[in-house]
file coords_20.cif (mmCIF, C-alpha atoms (C1' of nucleotides))
data_protein
#
loop_
_atom_site.label_atom_id
_atom_site.label_comp_id
_atom_site.auth_asym_id
_atom_site.auth_seq_id
_atom_site.Cartn_x
_atom_site.Cartn_y
_atom_site.Cartn_z
CA MET A 568 -10.90 24.47 46.71
CA ASP A 569 -12.47 26.62 44.10
CA ILE A 570 -11.22 26.89 40.58
CA SER A 571 -9.14 30.01 41.03
CA GLU A 572 -7.24 28.44 43.87
CA VAL A 573 -6.44 25.38 41.81
CA ALA A 574 -5.38 27.69 39.01
CA LYS A 575 -3.12 29.70 41.25
CA ILE A 576 -1.42 26.73 42.82
CA SER A 577 -1.06 24.64 39.71
CA GLY A 578 -0.40 27.43 37.27
CA VAL A 579 -3.06 26.04 34.97
CA PRO A 580 -5.57 28.67 33.83
CA ALA A 581 -9.17 28.28 34.93
CA SER A 582 -10.33 28.00 31.35
CA THR A 583 -7.99 25.07 30.89
CA LEU A 584 -9.25 23.44 34.05
CA ARG A 585 -12.81 23.68 32.77
CA TYR A 586 -11.68 22.26 29.48
CA TYR A 587 -9.88 19.40 31.17
CA GLU A 588 -12.97 18.62 33.14
CA GLU A 589 -15.08 18.71 30.02
CA ILE A 590 -12.90 16.06 28.38
CA ASN A 591 -12.84 14.05 31.60
CA LEU A 592 -9.18 14.53 32.32
CA ILE A 593 -9.92 15.87 35.77
CA ARG A 594 -12.96 15.86 37.99
CA SER A 595 -14.48 18.32 40.37
CA VAL A 596 -16.07 16.82 43.44
CA GLY A 597 -19.19 18.92 43.33
CA ARG A 598 -20.63 22.36 43.19
CA HIS A 599 -21.13 25.19 45.58
CA GLY A 600 -23.97 26.97 43.88
CA LEU A 601 -22.79 26.83 40.34
CA ARG A 602 -19.13 26.96 41.21
CA ARG A 603 -16.98 23.93 40.89
CA VAL A 604 -15.39 22.54 43.99
CA PHE A 605 -12.16 20.62 43.62
CA ASN A 606 -10.52 18.16 45.89
CA SER A 607 -6.86 18.89 46.47
CA ASP A 608 -5.81 15.64 44.84
CA VAL A 609 -6.55 17.29 41.55
CA LEU A 610 -3.18 18.97 41.95
CA GLU A 611 -1.30 15.73 41.72
CA ARG A 612 -3.32 14.81 38.71
CA LEU A 613 -2.49 18.10 37.07
CA ALA A 614 1.18 17.52 37.76
CA LEU A 615 0.87 14.17 36.08
CA ILE A 616 -0.84 15.78 33.13
CA ALA A 617 1.88 18.38 32.89
CA LEU A 618 4.43 15.61 32.87
CA GLY A 619 2.65 13.80 30.12
CA ARG A 620 2.40 16.94 28.05
CA ALA A 621 6.06 17.69 28.54
CA ALA A 622 6.85 14.21 27.35
CA GLY A 623 4.85 14.81 24.21
CA LEU A 624 1.75 12.78 25.02
CA THR A 625 -1.59 13.91 23.69
CA LEU A 626 -4.39 14.60 26.12
CA ASP A 627 -6.05 11.46 24.86
CA GLU A 628 -3.03 9.37 25.67
CA ILE A 629 -2.81 10.96 29.07
CA GLY A 630 -6.47 10.27 29.65
CA SER A 631 -5.91 6.61 28.96
CA MET A 632 -3.41 6.48 31.79
CA PHE A 633 -6.04 6.79 34.46
CA THR A 634 -8.41 4.10 35.54
CA GLU A 635 -12.11 4.66 35.85
CA ASP A 636 -11.78 5.35 39.55
CA GLY A 637 -9.20 8.02 38.96
CA LYS A 638 -6.04 6.26 39.90
CA PRO A 639 -3.09 6.41 37.59
CA ALA A 640 -2.64 3.18 35.65
CA ILE A 641 0.44 3.94 33.71
CA ASP A 642 1.13 1.90 30.66
CA ARG A 643 4.79 1.01 30.77
CA GLN A 644 4.84 0.04 27.15
CA LEU A 645 3.46 3.39 26.12
CA LEU A 646 6.07 5.08 28.23
CA ALA A 647 8.84 3.04 26.68
CA ASN A 648 7.57 3.84 23.22
CA LYS A 649 7.41 7.51 23.99
CA ALA A 650 10.92 7.37 25.34
CA ASP A 651 12.05 5.86 22.07
CA GLU A 652 10.27 8.55 20.13
CA LEU A 653 11.93 11.18 22.23
CA ASP A 654 15.23 9.55 21.53
CA GLN A 655 14.62 9.80 17.82
CA SER A 656 13.74 13.43 18.15
CA ILE A 657 16.76 14.12 20.23
CA ARG A 658 19.06 12.62 17.64
CA LYS A 659 17.49 14.59 14.91
CA LEU A 660 17.49 17.83 16.80
CA THR A 661 21.09 17.29 17.71
CA THR A 662 22.03 16.93 14.08
CA MET A 663 20.11 20.07 13.29
CA ARG A 664 21.60 21.99 16.12
CA ASP A 665 25.12 21.13 15.07
CA GLY A 666 24.29 21.98 11.51
CA LEU A 667 22.83 25.32 12.41
CA ARG A 668 25.71 26.04 14.70
CA HIS A 669 28.07 25.37 11.86
CA ALA A 670 26.08 27.34 9.35
CA ALA A 671 26.00 30.30 11.69
CA THR A 672 29.76 30.47 11.79
CA CYS A 673 30.75 28.95 8.48
CA SER A 674 33.09 31.06 6.44
CA ALA A 675 32.14 29.79 3.02
CA PRO A 676 31.22 32.72 0.78
CA SER A 677 27.74 31.34 0.38
CA HIS A 678 26.08 28.62 2.37
CA MET A 679 25.34 26.89 -0.87
CA GLU A 680 29.03 26.30 -1.31
CA CYS A 681 29.59 24.80 2.07
CA PRO A 682 29.69 21.04 1.84
CA LYS A 683 28.48 20.52 5.39
CA PHE A 684 25.54 22.75 4.75
CA ARG A 685 24.64 20.90 1.61
CA ARG A 686 24.90 17.61 3.38
CA LEU A 687 22.57 18.87 6.06
CA MET A 688 20.17 20.06 3.40
CA GLY A 689 20.08 16.65 1.86
CA PHE A 690 19.51 15.10 5.23
CA ALA A 691 16.58 17.35 5.92
CA SER A 692 14.87 16.70 2.60
CA LEU A 693 15.29 13.00 2.94
CA LYS A 694 13.58 12.27 6.17
CA ALA A 695 10.95 14.92 5.90
CA GLY A 696 9.41 13.96 9.19
CA ASN A 697 9.13 17.14 11.19
CA ALA A 698 10.07 17.67 14.77
CA LYS A 699 8.28 20.64 16.12
CA THR A 700 10.06 22.38 18.84
CA LYS A 701 8.07 25.31 19.87
CA THR A 702 9.09 27.21 22.90
CA LYS A 703 5.75 28.17 24.26
CA LYS A 704 4.72 31.76 24.22
CA PRO A 705 2.96 32.49 27.50
CA PRO A 706 -0.65 32.38 26.35
CA SER A 707 -1.66 35.74 27.71
CA ASN A 708 -2.10 34.09 31.03
CA LYS A 709 -3.63 36.65 33.31
CA LYS A 710 -4.57 34.69 36.37
CA ASN A 711 -8.12 35.99 36.67
CA MET B 1476 9.20 21.18 -15.15
CA ASP B 1477 5.56 20.94 -14.32
CA ILE B 1478 4.23 20.72 -10.82
CA SER B 1479 3.90 16.97 -10.66
CA GLU B 1480 7.52 16.53 -11.60
CA VAL B 1481 8.66 18.90 -8.90
CA ALA B 1482 6.41 17.05 -6.50
CA LYS B 1483 7.83 13.69 -7.47
CA ILE B 1484 11.43 14.73 -7.23
CA SER B 1485 11.17 16.81 -4.10
CA GLY B 1486 8.62 14.72 -2.30
CA VAL B 1487 6.58 17.83 -1.62
CA PRO B 1488 2.90 17.44 -2.60
CA ALA B 1489 1.57 19.60 -5.40
CA SER B 1490 -0.94 21.22 -3.07
CA THR B 1491 1.92 22.28 -0.84
CA LEU B 1492 3.85 23.65 -3.78
CA ARG B 1493 0.88 25.77 -4.76
CA TYR B 1494 0.56 26.90 -1.19
CA TYR B 1495 4.25 27.78 -1.01
CA GLU B 1496 3.92 29.79 -4.15
CA GLU B 1497 0.90 31.56 -2.80
CA ILE B 1498 2.84 32.71 0.24
CA ASN B 1499 5.82 33.62 -1.93
CA LEU B 1500 8.12 30.98 -0.61
CA ILE B 1501 8.81 29.66 -4.07
CA ARG B 1502 8.19 30.97 -7.55
CA SER B 1503 7.16 29.40 -10.80
CA VAL B 1504 8.76 30.87 -13.88
CA GLY B 1505 5.61 31.02 -15.96
CA ARG B 1506 2.67 29.14 -17.29
CA HIS B 1507 2.04 26.70 -20.05
CA GLY B 1508 -1.65 27.25 -20.60
CA LEU B 1509 -2.82 27.45 -17.06
CA ARG B 1510 -0.23 25.08 -15.74
CA ARG B 1511 2.67 26.30 -13.70
CA VAL B 1512 6.14 25.85 -15.06
CA PHE B 1513 9.00 25.58 -12.61
CA ASN B 1514 12.66 26.10 -13.07
CA SER B 1515 14.76 23.30 -11.64
CA ASP B 1516 16.38 25.61 -9.11
CA VAL B 1517 13.16 25.41 -7.18
CA LEU B 1518 14.43 22.06 -5.99
CA GLU B 1519 17.31 23.58 -4.11
CA ARG B 1520 14.99 26.08 -2.62
CA LEU B 1521 12.68 23.33 -1.48
CA ALA B 1522 15.59 21.54 0.10
CA LEU B 1523 16.42 24.71 1.95
CA ILE B 1524 12.85 25.03 3.09
CA ALA B 1525 12.85 21.44 4.28
CA LEU B 1526 15.98 22.16 6.22
CA GLY B 1527 14.45 25.18 7.84
CA ARG B 1528 11.33 23.24 8.77
CA ALA B 1529 13.38 20.44 10.23
CA ALA B 1530 15.23 22.98 12.32
CA GLY B 1531 11.94 24.29 13.64
CA LEU B 1532 11.71 27.54 11.70
CA THR B 1533 8.30 28.84 10.74
CA LEU B 1534 7.55 29.42 7.07
CA ASP B 1535 7.69 33.13 7.80
CA GLU B 1536 11.15 32.86 9.20
CA ILE B 1537 12.25 30.79 6.26
CA GLY B 1538 10.77 33.34 3.90
CA SER B 1539 12.85 36.05 5.48
CA MET B 1540 15.98 34.13 4.59
CA PHE B 1541 15.67 34.87 0.91
CA THR B 1542 16.40 38.15 -0.75
CA GLU B 1543 14.02 39.78 -3.15
CA ASP B 1544 15.86 38.29 -6.10
CA GLY B 1545 15.52 34.81 -4.73
CA LYS B 1546 18.99 34.17 -3.41
CA PRO B 1547 19.39 32.83 0.06
CA ALA B 1548 20.48 35.52 2.51
CA ILE B 1549 20.83 33.54 5.63
CA ASP B 1550 20.75 35.38 8.89
CA ARG B 1551 23.53 33.92 10.99
CA GLN B 1552 22.15 35.39 14.16
CA LEU B 1553 18.80 33.76 13.58
CA LEU B 1554 20.55 30.48 12.98
CA ALA B 1555 22.55 30.80 16.16
CA ASN B 1556 19.40 31.60 18.12
CA LYS B 1557 17.62 28.64 16.67
CA ALA B 1558 20.55 26.45 17.54
CA ASP B 1559 20.29 27.64 21.12
CA GLU B 1560 16.60 26.95 21.17
CA LEU B 1561 17.22 23.47 19.87
CA ASP B 1562 19.76 23.00 22.57
CA GLN B 1563 17.20 23.90 25.20
CA SER B 1564 14.74 21.48 23.73
CA ILE B 1565 17.30 18.76 23.57
CA ARG B 1566 18.13 19.14 27.23
CA LYS B 1567 14.52 19.03 28.17
CA LEU B 1568 13.69 16.10 25.98
CA THR B 1569 16.66 14.25 27.34
CA THR B 1570 15.43 14.72 30.88
CA MET B 1571 12.02 13.51 29.83
CA ARG B 1572 13.36 10.56 27.96
CA ASP B 1573 15.39 9.42 30.92
CA GLY B 1574 12.43 9.94 33.17
CA LEU B 1575 10.11 7.95 30.97
CA ARG B 1576 12.69 5.26 30.56
CA HIS B 1577 12.94 4.97 34.28
CA ALA B 1578 9.21 5.09 34.82
CA ALA B 1579 8.75 2.33 32.29
CA THR B 1580 10.95 -0.01 34.24
CA CYS B 1581 10.61 1.25 37.78
CA SER B 1582 9.68 -1.37 40.30
CA ALA B 1583 7.97 0.85 42.82
CA PRO B 1584 4.47 -0.50 43.54
CA SER B 1585 2.96 2.71 42.24
CA HIS B 1586 4.65 5.43 40.27
CA MET B 1587 3.43 7.85 42.83
CA GLU B 1588 5.74 6.25 45.33
CA CYS B 1589 8.80 6.45 43.18
CA PRO B 1590 10.94 9.42 44.19
CA LYS B 1591 12.44 9.81 40.73
CA PHE B 1592 9.03 9.91 39.18
CA ARG B 1593 7.84 12.50 41.64
CA ARG B 1594 10.87 14.61 40.99
CA LEU B 1595 10.20 14.44 37.28
CA MET B 1596 6.62 15.42 37.86
CA GLY B 1597 7.69 18.45 39.78
CA PHE B 1598 10.10 19.35 37.04
CA ALA B 1599 7.41 19.14 34.42
CA SER B 1600 4.94 21.30 36.31
CA LEU B 1601 7.52 23.92 37.01
CA LYS B 1602 8.69 24.83 33.59
CA ALA B 1603 5.42 24.33 31.82
CA GLY B 1604 6.87 25.40 28.51
CA ASN B 1605 6.00 22.65 26.09
CA ALA B 1606 8.25 20.97 23.60
CA LYS B 1607 6.20 19.37 20.94
CA THR B 1608 7.78 16.43 19.36
CA LYS B 1609 5.45 15.03 16.85
CA THR B 1610 6.64 12.34 14.57
CA LYS B 1611 4.84 13.18 11.43
CA LYS B 1612 2.14 10.93 10.19
CA PRO B 1613 2.40 10.74 6.40
CA PRO B 1614 -0.37 13.15 5.37
CA SER B 1615 -2.05 10.80 2.95
CA ASN B 1616 0.54 11.71 0.44
CA LYS B 1617 -0.54 10.09 -2.76
CA LYS B 1618 1.81 11.48 -5.31
CA ASN B 1619 -0.80 12.37 -7.93
"C1'" DG C 862 -12.15 15.12 -32.85
"C1'" DT C 863 -12.97 13.68 -28.53
"C1'" DA C 864 -12.13 11.54 -24.22
"C1'" DA C 865 -9.24 11.21 -20.41
"C1'" DT C 866 -5.71 13.41 -17.73
"C1'" DT C 867 -3.82 16.72 -15.28
"C1'" DC C 868 -3.85 20.90 -13.81
"C1'" DC C 869 -6.24 25.12 -12.21
"C1'" DT C 870 -8.73 28.40 -8.51
"C1'" DC C 871 -10.94 29.53 -4.38
"C1'" DA C 872 -13.21 28.64 -0.27
"C1'" DA C 873 -13.49 25.91 3.43
"C1'" DG C 874 -12.00 22.21 6.42
"C1'" DT C 875 -8.51 19.85 9.58
"C1'" DC C 876 -5.84 19.01 13.85
"C1'" DG C 877 -4.86 19.76 19.00
"C1'" DA C 878 -5.23 22.31 22.82
"C1'" DC C 879 -6.96 25.82 24.30
"C1'" DT C 880 -8.79 30.89 24.62
"C1'" DT C 881 -12.21 34.44 24.15
"C1'" DG C 882 -16.53 36.63 24.55
"C1'" DA C 883 -21.29 37.42 25.32
"C1'" DG C 884 -24.69 36.98 28.42
"C1'" DG C 885 -26.20 34.98 32.80
"C1'" DT C 886 -26.00 33.31 37.96
"C1'" DC C 887 -24.96 33.28 42.57
"C1'" DA C 888 -22.69 33.86 47.25
"C1'" DA C 889 -20.18 36.83 50.19
"C1'" DG C 890 -19.23 41.61 51.97
"C1'" DG C 891 -20.91 46.04 53.31
"C1'" DC D 251 -30.85 43.76 50.97
"C1'" DC D 252 -28.27 44.67 47.31
"C1'" DT D 253 -24.15 45.28 44.82
"C1'" DT D 254 -20.11 43.30 43.11
"C1'" DG D 255 -17.07 40.24 41.51
"C1'" DA D 256 -15.92 35.58 40.87
"C1'" DC D 257 -17.78 32.03 38.49
"C1'" DC D 258 -20.82 29.81 35.10
"C1'" DT D 259 -22.22 27.95 30.00
"C1'" DC D 260 -21.92 27.50 25.19
"C1'" DA D 261 -20.49 28.71 20.79
"C1'" DA D 262 -17.02 30.33 18.21
"C1'" DG D 263 -12.33 31.78 17.35
"C1'" DT D 264 -7.10 31.01 17.19
"C1'" DC D 265 -2.65 29.28 15.39
"C1'" DG D 266 0.34 27.10 11.57
"C1'" DA D 267 0.74 24.51 7.76
"C1'" DC D 268 -1.51 22.41 4.90
"C1'" DT D 269 -5.36 19.38 2.67
"C1'" DT D 270 -9.73 18.68 0.49
"C1'" DG D 271 -13.37 19.38 -2.63
"C1'" DA D 272 -16.23 21.39 -6.05
"C1'" DG D 273 -16.38 23.07 -10.43
"C1'" DG D 274 -13.82 24.34 -14.54
"C1'" DA D 275 -10.17 24.61 -18.25
"C1'" DA D 276 -6.38 23.19 -21.06
"C1'" DT D 277 -3.26 19.47 -22.73
"C1'" DT D 278 -2.21 15.01 -24.17
"C1'" DA D 279 -3.43 10.47 -25.75
"C1'" DC D 280 -5.88 7.87 -28.94
#

call {"tool": "encode", "arguments": {"input": "coords_20.cif", "output": "structure tokens"}}
result
Amino acid sequence: MDISEVAKISGVPASTLRYYEEINLIRSVGRHGLRRVFNSDVLERLALIALGRAAGLTLDEIGSMFTEDGKPAIDRQLLANKADELDQSIRKLTTMRDGLRHAATCSAPSHMECPKFRRLMGFASLKAGNAKTKTKKPPSNKKN
Amino acid sequence: MDISEVAKISGVPASTLRYYEEINLIRSVGRHGLRRVFNSDVLERLALIALGRAAGLTLDEIGSMFTEDGKPAIDRQLLANKADELDQSIRKLTTMRDGLRHAATCSAPSHMECPKFRRLMGFASLKAGNAKTKTKKPPSNKKN
DNA sequence: GTAATTCCTCAAGTCGACTTGAGGTCAAGG
DNA sequence: CCTTGACCTCAAGTCGACTTGAGGAATTAC
């Protein structure tokens, strides 16, 4: 398969595929002229990468989940840790969501006078760890 | 109050306070020599900012929640939207967490042979929106 | 009075995951 | 055979929210 086919099927832009290859996350099996040729098993690998990303792993962490010969060698401990992290995030986000929900409908004259809101404010300042929750903007993904 | 006091009380580094002032998120009330002087109400504002950050708002969005004269003018619609976004994220993270949890303990010889894992993989590739969930590393926060 | 703090400004750097662009190459279709 | 379009490389740019560092000034401590 050539790169555009992999891109089309996987939904991963060609530029990203080149980048992934550069950092050794995926491999092409050779070249046809100067064009990369991919084996179809790259698709499964990409799915695995997508899963890792969705779970909040860095590309480095994902990279460490493959053995030298390309087979997945998933670290169960890492997975469990990530699950715990997600759990933390979920709790926090849930608190925030409820707080926002309340603030959006609260009838106090000013939010500053609403006790729930103030409590939430205190909570946020305290554990100033941040949980980013970006909903991805489609990165101008014109499929070549 | 001078900047180091605000930093100490709020937990926000001085460099960040300067940055926030630069982008008009907070205001100092004057100078003592060349040093900024802050009014104590900046603390409430910082708490509000922390809350916004924790809820996933950008600094721009947070900035738009204050009126020209510095009073909070919270946009209930924005809050409700953010709450919905959080809800989306929570759902997704929950799926991921459960998936990871399972993967971490699954007894299938290879993850690739576990139907649940494969289903999760498909799920992740499909909706390739990403939910970042970084647990903040303390940014070398030596409180001057 | 002077040294030591603490603060200042401004430009540039950081991080992760990519994207963009200029300039070049090559294989397939007409 | 030659054009065209898909692909290539490599360097640099992007985004958000800050941090870092150099070089300087004013305040506080002694």

call {"tool": "resolve_selection", "arguments": {"input": "coords_20.cif", "expression": "the PyMOL selection byres ((chain C) within 10 of (chain B))", "output": "PyMOL selection string"}}
result
chain C and resi 867-869

call {"tool": "closest_atom_pairs", "arguments": {"input": "coords_20.cif", "of": "chain D", "to": "chain B", "cutoff": "10 Å", "atoms": "only C-alpha atoms (C1' of nucleotides)", "output": "tab-separated table"}}
result
residue	atom	partner	partner_atom	distance
D:DG266	C1'	B:Thr1533	CA	8.2
D:DA267	C1'	B:Leu1534	CA	8.4
D:DC268	C1'	B:Thr1491	CA	6.7
D:DT269	C1'	B:Ser1490	CA	7.5
D:DT270	C1'	B:Ser1490	CA	9.8
D:DA275	C1'	B:Leu1509	CA	8.0
D:DA276	C1'	B:Gly1508	CA	6.3
D:DT277	C1'	B:Gly1508	CA	8.2

call {"tool": "resolve_selection", "arguments": {"input": "coords_20.cif", "expression": "the PyMOL selection byres ((chain A) within 8 of (chain B))", "output": "number ranges by chain"}}
result
A: 577, 614-615, 617-618, 620-623, 641-644, 646-647, 649-654, 656-657, 660-661, 663-665, 667-668, 670-672, 678, 687-692, 695-704

call {"tool": "residues_near_point", "arguments": {"input": "coords_20.cif", "point": "(14.1, 25.2, -8.2)", "cutoff": "10 Å", "atoms": "all atoms listed in the file", "output": "mmCIF file with C-alpha atoms, in the frame of the given file"}}
result
data_model
loop_
_atom_site.group_PDB
_atom_site.id
_atom_site.type_symbol
_atom_site.label_atom_id
_atom_site.label_comp_id
_atom_site.auth_asym_id
_atom_site.auth_seq_id
_atom_site.Cartn_x
_atom_site.Cartn_y
_atom_site.Cartn_z
ATOM 1 C CA MET B 1476 9.200 21.180 -15.150
ATOM 2 C CA VAL B 1481 8.660 18.900 -8.900
ATOM 3 C CA SER B 1485 11.170 16.810 -4.100
ATOM 4 C CA ILE B 1501 8.810 29.660 -4.070
ATOM 5 C CA ARG B 1502 8.190 30.970 -7.550
ATOM 6 C CA SER B 1503 7.160 29.400 -10.800
ATOM 7 C CA VAL B 1504 8.760 30.870 -13.880
ATOM 8 C CA PHE B 1513 9.000 25.580 -12.610
ATOM 9 C CA ASN B 1514 12.660 26.100 -13.070
ATOM 10 C CA SER B 1515 14.760 23.300 -11.640
ATOM 11 C CA ASP B 1516 16.380 25.610 -9.110
ATOM 12 C CA VAL B 1517 13.160 25.410 -7.180
ATOM 13 C CA LEU B 1518 14.430 22.060 -5.990
ATOM 14 C CA GLU B 1519 17.310 23.580 -4.110
ATOM 15 C CA ARG B 1520 14.990 26.080 -2.620
ATOM 16 C CA LEU B 1521 12.680 23.330 -1.480
ATOM 17 C CA ALA B 1522 15.590 21.540 0.100
#

call {"tool": "calpha_fit_and_write", "arguments": {"input": "coords_20.cif", "fixed": "chain B", "moving": "chain A", "output": "short mmCIF file (atom, residue, chain, number, x, y, z; two decimals) with C-alpha atoms, in the coordinates of the input"}}
result
data_model
loop_
_atom_site.label_atom_id
_atom_site.label_comp_id
_atom_site.auth_asym_id
_atom_site.auth_seq_id
_atom_site.Cartn_x
_atom_site.Cartn_y
_atom_site.Cartn_z
CA MET A 568 9.27 21.23 -15.20
CA ASP A 569 5.64 20.96 -14.38
CA ILE A 570 4.30 20.73 -10.89
CA SER A 571 3.99 16.97 -10.72
CA GLU A 572 7.61 16.55 -11.67
CA VAL A 573 8.72 18.92 -8.95
CA ALA A 574 6.48 17.04 -6.55
CA LYS A 575 7.91 13.69 -7.52
CA ILE A 576 11.52 14.75 -7.27
CA SER A 577 11.23 16.81 -4.13
CA GLY A 578 8.67 14.71 -2.35
CA VAL A 579 6.60 17.81 -1.67
CA PRO A 580 2.95 17.41 -2.66
CA ALA A 581 1.61 19.57 -5.46
CA SER A 582 -0.90 21.18 -3.14
CA THR A 583 1.95 22.24 -0.90
CA LEU A 584 3.88 23.63 -3.83
CA ARG A 585 0.89 25.75 -4.80
CA TYR A 586 0.58 26.88 -1.23
CA TYR A 587 4.25 27.76 -1.04
CA GLU A 588 3.93 29.77 -4.19
CA GLU A 589 0.89 31.54 -2.84
CA ILE A 590 2.83 32.71 0.21
CA ASN A 591 5.80 33.62 -1.96
CA LEU A 592 8.12 30.98 -0.62
CA ILE A 593 8.80 29.66 -4.09
CA ARG A 594 8.20 30.98 -7.56
CA SER A 595 7.18 29.44 -10.82
CA VAL A 596 8.78 30.93 -13.89
CA GLY A 597 5.63 31.09 -15.93
CA ARG A 598 2.70 29.23 -17.30
CA HIS A 599 2.07 26.80 -20.07
CA GLY A 600 -1.60 27.37 -20.61
CA LEU A 601 -2.76 27.51 -17.07
CA ARG A 602 -0.15 25.12 -15.78
CA ARG A 603 2.71 26.34 -13.73
CA VAL A 604 6.18 25.90 -15.09
CA PHE A 605 9.03 25.63 -12.63
CA ASN A 606 12.69 26.17 -13.07
CA SER A 607 14.79 23.36 -11.67
CA ASP A 608 16.40 25.65 -9.13
CA VAL A 609 13.19 25.43 -7.20
CA LEU A 610 14.47 22.08 -5.99
CA GLU A 611 17.35 23.60 -4.13
CA ARG A 612 15.00 26.10 -2.62
CA LEU A 613 12.70 23.34 -1.49
CA ALA A 614 15.62 21.54 0.09
CA LEU A 615 16.45 24.71 1.95
CA ILE A 616 12.86 25.01 3.08
CA ALA A 617 12.86 21.43 4.26
CA LEU A 618 15.98 22.15 6.23
CA GLY A 619 14.44 25.16 7.83
CA ARG A 620 11.34 23.24 8.75
CA ALA A 621 13.38 20.43 10.22
CA ALA A 622 15.21 22.97 12.31
CA GLY A 623 11.93 24.27 13.63
CA LEU A 624 11.68 27.51 11.67
CA THR A 625 8.29 28.81 10.68
CA LEU A 626 7.54 29.40 7.03
CA ASP A 627 7.67 33.09 7.76
CA GLU A 628 11.14 32.84 9.18
CA ILE A 629 12.22 30.78 6.23
CA GLY A 630 10.74 33.32 3.88
CA SER A 631 12.82 36.03 5.47
CA MET A 632 15.95 34.12 4.59
CA PHE A 633 15.66 34.87 0.91
CA THR A 634 16.39 38.15 -0.74
CA GLU A 635 14.01 39.78 -3.14
CA ASP A 636 15.85 38.30 -6.09
CA GLY A 637 15.53 34.82 -4.72
CA LYS A 638 18.97 34.20 -3.39
CA PRO A 639 19.38 32.84 0.08
CA ALA A 640 20.45 35.52 2.54
CA ILE A 641 20.80 33.53 5.66
CA ASP A 642 20.71 35.35 8.92
CA ARG A 643 23.49 33.92 11.02
CA GLN A 644 22.08 35.38 14.17
CA LEU A 645 18.75 33.73 13.58
CA LEU A 646 20.50 30.47 12.98
CA ALA A 647 22.50 30.79 16.17
CA ASN A 648 19.36 31.58 18.11
CA LYS A 649 17.57 28.62 16.67
CA ALA A 650 20.50 26.43 17.54
CA ASP A 651 20.25 27.62 21.11
CA GLU A 652 16.56 26.91 21.17
CA LEU A 653 17.19 23.45 19.86
CA ASP A 654 19.74 22.98 22.57
CA GLN A 655 17.18 23.87 25.19
CA SER A 656 14.73 21.44 23.72
CA ILE A 657 17.30 18.73 23.57
CA ARG A 658 18.12 19.11 27.23
CA LYS A 659 14.53 19.00 28.18
CA LEU A 660 13.70 16.06 26.01
CA THR A 661 16.68 14.23 27.37
CA THR A 662 15.45 14.70 30.90
CA MET A 663 12.04 13.48 29.86
CA ARG A 664 13.39 10.53 28.01
CA ASP A 665 15.43 9.39 30.97
CA GLY A 666 12.47 9.91 33.23
CA LEU A 667 10.16 7.93 31.03
CA ARG A 668 12.74 5.24 30.62
CA HIS A 669 12.98 4.97 34.36
CA ALA A 670 9.26 5.06 34.90
CA ALA A 671 8.79 2.30 32.37
CA THR A 672 11.01 -0.03 34.33
CA CYS A 673 10.66 1.26 37.86
CA SER A 674 9.72 -1.35 40.39
CA ALA A 675 8.00 0.89 42.89
CA PRO A 676 4.52 -0.45 43.61
CA SER A 677 3.00 2.73 42.29
CA HIS A 678 4.67 5.44 40.30
CA MET A 679 3.44 7.89 42.86
CA GLU A 680 5.76 6.31 45.37
CA CYS A 681 8.83 6.50 43.24
CA PRO A 682 10.94 9.46 44.23
CA LYS A 683 12.46 9.86 40.79
CA PHE A 684 9.05 9.93 39.24
CA ARG A 685 7.85 12.54 41.65
CA ARG A 686 10.89 14.64 41.02
CA LEU A 687 10.23 14.45 37.31
CA MET A 688 6.64 15.43 37.90
CA GLY A 689 7.71 18.49 39.78
CA PHE A 690 10.12 19.37 37.04
CA ALA A 691 7.43 19.14 34.42
CA SER A 692 4.95 21.31 36.29
CA LEU A 693 7.53 23.93 36.98
CA LYS A 694 8.70 24.85 33.57
CA ALA A 695 5.44 24.32 31.81
CA GLY A 696 6.88 25.31 28.49
CA ASN A 697 5.98 22.56 26.08
CA ALA A 698 8.21 20.88 23.59
CA LYS A 699 6.16 19.30 20.92
CA THR A 700 7.72 16.35 19.36
CA LYS A 701 5.40 14.97 16.84
CA THR A 702 6.58 12.27 14.58
CA LYS A 703 4.77 13.17 11.44
CA LYS A 704 2.05 10.94 10.19
CA PRO A 705 2.38 10.72 6.42
CA PRO A 706 -0.36 13.12 5.38
CA SER A 707 -2.16 10.77 3.06
CA ASN A 708 0.35 11.67 0.45
CA LYS A 709 -0.79 10.07 -2.75
CA LYS A 710 1.47 11.56 -5.36
CA ASN A 711 -1.26 12.52 -7.82
#

call {"tool": "atom_distance", "arguments": {"input": "coords_20.cif", "atom1": "C1' of DA865 (chain C)", "atom2": "C1' of DT278 (chain D)"}}
result
8.8 Å

call {"tool": "residues_around", "arguments": {"input": "coords_20.cif", "residues": "DG891 (chain C)", "least_positions_apart": "6", "cutoff": "12 Å", "atoms": "only C-alpha atoms (C1' of nucleotides)", "output": "MDAnalysis selection string"}}
result
chainID D and resid 251:254

call {"tool": "closest_residue", "arguments": {"input": "coords_20.cif", "among": "D:DA272, D:DC280, D:DT259, D:DC265", "to": "DG884 (chain C)", "atoms": "all atoms listed in the file"}}
result
D:DT259

call {"tool": "atom_distance", "arguments": {"input": "coords_20.cif", "atom1": "C1' of DG877 (chain C)", "atom2": "CA of Asp627 (chain A)"}}
result
10.2 Å

call {"tool": "atom_distance", "arguments": {"input": "coords_20.cif", "atom1": "CA of Val1512 (chain B)", "atom2": "CA of Thr1542 (chain B)"}}
result
21.5 Å

call {"tool": "closest_residue", "arguments": {"input": "coords_20.cif", "among": "D:DG255, D:DA279, D:DG274, D:DA262", "to": "DA883 (chain C)", "atoms": "all atoms listed in the file"}}
result
D:DA262

call {"tool": "axis_aligned_box", "arguments": {"input": "coords_20.cif", "around": "region 874-883 of chain C", "padding_each_side": "4 Å", "output": "AutoDock Vina command-line options"}}
result
--center_x -13.1 --center_y 28.2 --center_z 15.9 --size_x 24.4 --size_y 26.4 --size_z 26.9
